[in-house]
Amino acid sequence: MKTLDEHNKIKLAIGTVSFEPVKNGIACPECNTELMDSQPCVVLLSSPVQYKIHCPFCDYKGYRY
């Protein structure tokens, strides 16, 4: 098994941690454009956890599970 530090270094090295908005494959409820995770590294610690989302076309903003 690898250590937590080894795991974290590998994840950061291969770029799986994104700080820029990324498409998430969900259709916007207002204009049907693909939504984006606004801050992929930020998880709201609600129950269940949530991620902030937005539409780059119509400026829809919301949250997904």
# chains A, B, ... in the order shown; residues from 1 in each chain; ligands from 1

$ residues_around --residues "Pro29 in chain A" --least-positions-apart "5" --cutoff "10 Å" --atoms "only C-alpha atoms" --output "list in words"
Glu34, Leu35, Cys55 and Tyr60 of chain A

$ write_last_selection --atoms "C-alpha atoms" --output "CSV table (one decimal), in the first residue's frame"
chain,number,residue,atom,x,y,z
A,34,GLU,CA,-23.7,21.7,-20.5
A,35,LEU,CA,-23.2,22.9,-16.9
A,55,CYS,CA,-23.9,27.7,-16.9
A,60,TYR,CA,-27.6,30.0,-14.3

$ closest_residue --among "A:Asn24, A:Leu12, A:Thr33, A:Ser18" --to "Phe57 in chain A" --atoms "only C-alpha atoms"
A:Thr33

$ select_by_dssp --residues "chain A" --states "helix (DSSP H, G or I)" --output "list in words"
Leu4, Asp5, Glu6, His7, Asn8, Lys9, Ile10, Lys11, Leu12 and Ala13 of chain A

$ select_by_dssp --residues "chain A" --states "strand (DSSP E)" --output "list in words"
Val22, Lys23, Asn24, Gly25, Ile26, Ala27, Glu34, Leu35, Met36, Asp37, Tyr51, Lys52, Ile53, His54, Lys61, Gly62, Tyr63 and Arg64 of chain A
